[in-house]
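Step one of this worksheet: look at the structure below.
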Amino acid sequence: MNIKQLDNEYIAHTYGRFPVALVKGEGSLVWDDEGKEYIDLAAGIAVNTFGYSDKIWAEAVAKQAGVLQHTSNLYYSEPCALLAEQLCKRTGMKKVFFSNSGAEANECAVKVARKYAADKKGADYYTIVTLKNSFHGRTLTTLAATGQDVFHKDFTPLTPGFVSVTVGDLAEAEEVFKTAKCAGMLIEPIQGEGGVMPLPADYVKGLAELCEKYDVLLMCDEVQSGNGRSGKLYAYMNYGISPDVVSTAKGLAGGLPLGATLLSEKVENVLTPGSHGSTFGGNPVCAAAALSILNRLDDEFLNGVQRKSKLIFDALTGQPGIISVDGMGLMIGIKTEKDAGEVIAECMKNGVLPIKAKDKVRLLPALNIPDELLIKALDVIKEAVK
Ligand SMILES: *Cc1c(COP(=O)(O)O)cnc(C)c1O
């Protein structure tokens, strides 16, 4: 059996896979099992921050794998301590909890909010407010946080204590803060799976004020928007807010599984020994990989991300067949007149790999995609949407 047949036979059918088997990559280029070359515009799903088999990243990974690949969290280890230091220094947050995925990073955020509220206001203050059209993960708790019914179907009852409100409606959020006993508010500064929509700036500011007023933790899910993707290190930095908790994963370790939940001063000591844990969380190889990524996400590099972003907006906005271009940094959603699936299939035929977000074509290229490749890929998209 070939790769596709084996996969169909033995892997649970949870993914609607594209008919392509990828076998190797270099930078923003990737090849399938028939030797066809593609320009990758998804970077995993916002995971391969510096593209495929990046030299500096691969060296950091190989070096750590050859020295100490895992210790339990019963011992100290250097890579994860150094990474936590860098994350705190770059964000002003005070502590980090490491896990393995976005869903787990959000689970940790929810636990922090509930324990903060239980310690301070009482155990009945457990409600977590989220936004309609959000996406926070696939565990039963993060599904409960996800404000899209399609993900809930067939899996109820979900974890209780979640309410979702409409983006842009501050009065609705305030009403919930007043009437439900709330612990935290969880938002994606840029809704990813919901169609790549940055939240309106005045709404985010307003929410931050309401959270302060009602002593509800403001928590940003930066699983997709974090780690340089928005053109700032974290997307909340585009909004001038100071969240109490930030969760991230996807691009953090550039292709290895690592989640992180960053805790501000207000909540740095909420979690106590025994209250949370993870066997693989903070794995030294993943942490070394993340350090090699974070060290390179400096201001100059992030300015480059913003420049590439502008290049995309300028190339696509107003083009025939394109209704709108939304997003921030290198996290972009394109609404097309044609069906997004058709556009993607056409792009694939012509050697370009975008993905979908709802009914949009979504671009999440490696943050260091060379301009020449980006321009070439945009030309293919412009043809495909006509
Ligand atoms: C992908 C994603 C998640 C889930 O991350 P996993 O690593 O798949 O668990 C959570 N929140 C957001 C915003 C995401 O984009």
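Identifiers in the structure tokens: chain A, B, ... in order shown; residue index from 1 per chain; ligand index from 1 in order shown.
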
message: Residues within 7 Å of range 263-269 of chain A, please, as a list in words. Count only C-alpha atoms; anything in the same chain fewer than 5 positions from it doesn't count.
response: Met93, Lys94, Lys95, Val96, Tyr116, Asp244, Val245 and Val246 of chain A

Just the selected residues (N, CA and C atoms), exported as a PDB file, in the first residue's frame, please.
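What landed in part.pdb:
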```pdb
ATOM      1  N   MET A  93       5.409  39.183  31.740  1.00  0.00           N
ATOM      2  CA  MET A  93       4.698  38.223  32.576  1.00  0.00           C
ATOM      3  C   MET A  93       5.682  37.678  33.619  1.00  0.00           C
ATOM      4  N   LYS A  94       5.142  36.984  34.646  1.00  0.00           N
ATOM      5  CA  LYS A  94       6.009  36.617  35.773  1.00  0.00           C
ATOM      6  C   LYS A  94       6.338  35.125  35.877  1.00  0.00           C
ATOM      7  N   LYS A  95       5.452  34.286  35.390  1.00  0.00           N
ATOM      8  CA  LYS A  95       5.686  32.838  35.498  1.00  0.00           C
ATOM      9  C   LYS A  95       5.147  32.157  34.234  1.00  0.00           C
ATOM     10  N   VAL A  96       5.668  30.955  33.988  1.00  0.00           N
ATOM     11  CA  VAL A  96       5.203  30.182  32.844  1.00  0.00           C
ATOM     12  C   VAL A  96       4.884  28.765  33.290  1.00  0.00           C
ATOM     13  N   TYR A 116      -8.002  31.164  40.894  1.00  0.00           N
ATOM     14  CA  TYR A 116      -7.880  32.566  41.320  1.00  0.00           C
ATOM     15  C   TYR A 116      -9.200  33.037  41.917  1.00  0.00           C
ATOM     16  N   ASP A 244      -4.014  39.139  31.892  1.00  0.00           N
ATOM     17  CA  ASP A 244      -3.586  38.460  33.126  1.00  0.00           C
ATOM     18  C   ASP A 244      -2.966  37.105  32.813  1.00  0.00           C
ATOM     19  N   VAL A 245      -3.437  36.492  31.734  1.00  0.00           N
ATOM     20  CA  VAL A 245      -2.955  35.173  31.335  1.00  0.00           C
ATOM     21  C   VAL A 245      -2.848  35.156  29.801  1.00  0.00           C
ATOM     22  N   VAL A 246      -1.782  34.547  29.299  1.00  0.00           N
ATOM     23  CA  VAL A 246      -1.643  34.362  27.854  1.00  0.00           C
ATOM     24  C   VAL A 246      -1.312  32.893  27.603  1.00  0.00           C
TER      25      VAL A 246
END
```

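Using only C-alpha atoms, the contacts of Ser242 in chain A at a cut-off of 12 Å, with sequence neighbours closer than 6 positions omitted, comprise Thr91, Gly92, Met93, Val204, Lys205, Leu207, Ala208, Glu209, Cys211, Glu212, Leu217, Leu218, Met219, Cys220, Tyr234, Ala235, Tyr236, Leu262, Leu263, Ser264, Glu265 and Lys266 of chain A.
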
query: Would you name the residues within 6 Å of ligand 1, counting only C-alpha atoms and all ligand atoms, and put them as number ranges by chain?
result: A: 101-103, 135-137, 188, 192, 221-224, 250

Next, the residues of the selection above should be written as a compact mmCIF listing (two decimals), in the first residue's frame with all heavy atoms.
```txt
# COMPACT_ATOMS: atom_id res chain seq x y z
N SER A 101 0.46 21.44 24.04
CA SER A 101 -0.44 21.80 22.95
C SER A 101 -1.23 23.05 23.31
O SER A 101 -1.23 23.49 24.47
CB SER A 101 -1.42 20.66 22.69
OG SER A 101 -2.30 20.53 23.79
N GLY A 102 -1.95 23.54 22.32
CA GLY A 102 -2.78 24.71 22.54
C GLY A 102 -3.92 24.43 23.50
O GLY A 102 -4.22 25.22 24.40
N ALA A 103 -4.57 23.28 23.30
CA ALA A 103 -5.70 22.94 24.17
C ALA A 103 -5.23 22.86 25.62
O ALA A 103 -5.90 23.37 26.53
CB ALA A 103 -6.31 21.61 23.73
N PHE A 135 -12.29 29.66 18.72
CA PHE A 135 -11.81 28.28 18.73
C PHE A 135 -10.72 28.16 19.78
O PHE A 135 -9.76 28.92 19.77
CB PHE A 135 -11.25 27.86 17.36
CG PHE A 135 -10.78 26.43 17.37
CD1 PHE A 135 -11.69 25.39 17.20
CD2 PHE A 135 -9.45 26.11 17.59
CE1 PHE A 135 -11.27 24.06 17.23
CE2 PHE A 135 -9.02 24.79 17.62
CZ PHE A 135 -9.93 23.76 17.45
N HIS A 136 -10.90 27.22 20.70
CA HIS A 136 -9.92 27.09 21.79
C HIS A 136 -9.37 25.69 21.95
O HIS A 136 -8.56 25.46 22.86
CB HIS A 136 -10.53 27.60 23.10
CG HIS A 136 -10.89 29.05 23.05
ND1 HIS A 136 -9.94 30.05 22.94
CD2 HIS A 136 -12.09 29.70 23.07
CE1 HIS A 136 -10.54 31.23 22.90
NE2 HIS A 136 -11.84 31.06 22.97
N GLY A 137 -9.80 24.73 21.14
CA GLY A 137 -9.22 23.39 21.22
C GLY A 137 -10.26 22.29 21.19
O GLY A 137 -11.46 22.55 21.09
N GLU A 188 -9.42 35.27 21.69
CA GLU A 188 -8.35 35.24 20.70
C GLU A 188 -8.27 36.66 20.14
O GLU A 188 -9.23 37.11 19.50
CB GLU A 188 -8.71 34.34 19.51
CG GLU A 188 -8.80 32.87 19.76
CD GLU A 188 -9.60 32.21 18.62
OE1 GLU A 188 -9.00 31.83 17.61
OE2 GLU A 188 -10.84 32.11 18.73
N GLY A 192 -8.80 32.86 14.72
CA GLY A 192 -8.15 32.12 13.62
C GLY A 192 -9.11 31.21 12.88
O GLY A 192 -9.52 31.50 11.76
N ASP A 221 -5.93 33.87 24.25
CA ASP A 221 -5.53 32.64 23.57
C ASP A 221 -4.71 33.04 22.35
O ASP A 221 -5.25 33.48 21.34
CB ASP A 221 -6.77 31.83 23.16
CG ASP A 221 -6.42 30.58 22.36
OD1 ASP A 221 -5.26 30.46 21.91
OD2 ASP A 221 -7.31 29.72 22.19
N GLU A 222 -3.40 32.90 22.50
CA GLU A 222 -2.48 33.26 21.41
C GLU A 222 -1.83 32.00 20.85
O GLU A 222 -0.67 32.01 20.46
CB GLU A 222 -1.43 34.23 21.95
CG GLU A 222 -2.03 35.53 22.45
CD GLU A 222 -1.59 36.72 21.63
OE1 GLU A 222 -1.07 36.53 20.51
OE2 GLU A 222 -1.79 37.84 22.12
N VAL A 223 -2.60 30.93 20.84
CA VAL A 223 -2.07 29.67 20.32
C VAL A 223 -1.66 29.84 18.86
O VAL A 223 -0.60 29.40 18.44
CB VAL A 223 -3.09 28.54 20.50
CG1 VAL A 223 -2.62 27.27 19.77
CG2 VAL A 223 -3.31 28.25 21.98
N GLN A 224 -2.51 30.53 18.09
CA GLN A 224 -2.24 30.73 16.67
C GLN A 224 -1.60 32.10 16.40
O GLN A 224 -0.72 32.22 15.56
CB GLN A 224 -3.54 30.59 15.87
CG GLN A 224 -3.36 30.54 14.38
CD GLN A 224 -4.62 30.04 13.65
OE1 GLN A 224 -4.80 30.32 12.49
NE2 GLN A 224 -5.46 29.29 14.30
N LYS A 250 1.25 26.39 19.09
CA LYS A 250 1.59 26.26 17.66
C LYS A 250 3.03 26.66 17.25
O LYS A 250 3.88 25.80 17.17
CB LYS A 250 0.56 27.00 16.81
CG LYS A 250 -0.80 26.29 16.82
CD LYS A 250 -1.71 26.72 15.68
CE LYS A 250 -2.91 25.81 15.53
NZ LYS A 250 -4.11 26.22 16.23
```

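When only C-alpha atoms are used to measure the gap to Gly341 in chain A, the shortest distance among A:Val385, A:Leu6, A:Ile375, A:Leu41 belongs to A:Val385.
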
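Atom pair CA of Leu363 in chain A / CA of Met331 in chain A has a distance of 6.0 Å (rounded to one decimal).
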
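CA of Gly329 in chain A sits 26.4 Å away from CA of Lys24 in chain A.
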
Residue nearest Glu300 in chain A - candidates A:Gln69, A:Asn368, A:Thr272, A:Thr139, atoms counted: only C-alpha atoms: A:Asn368
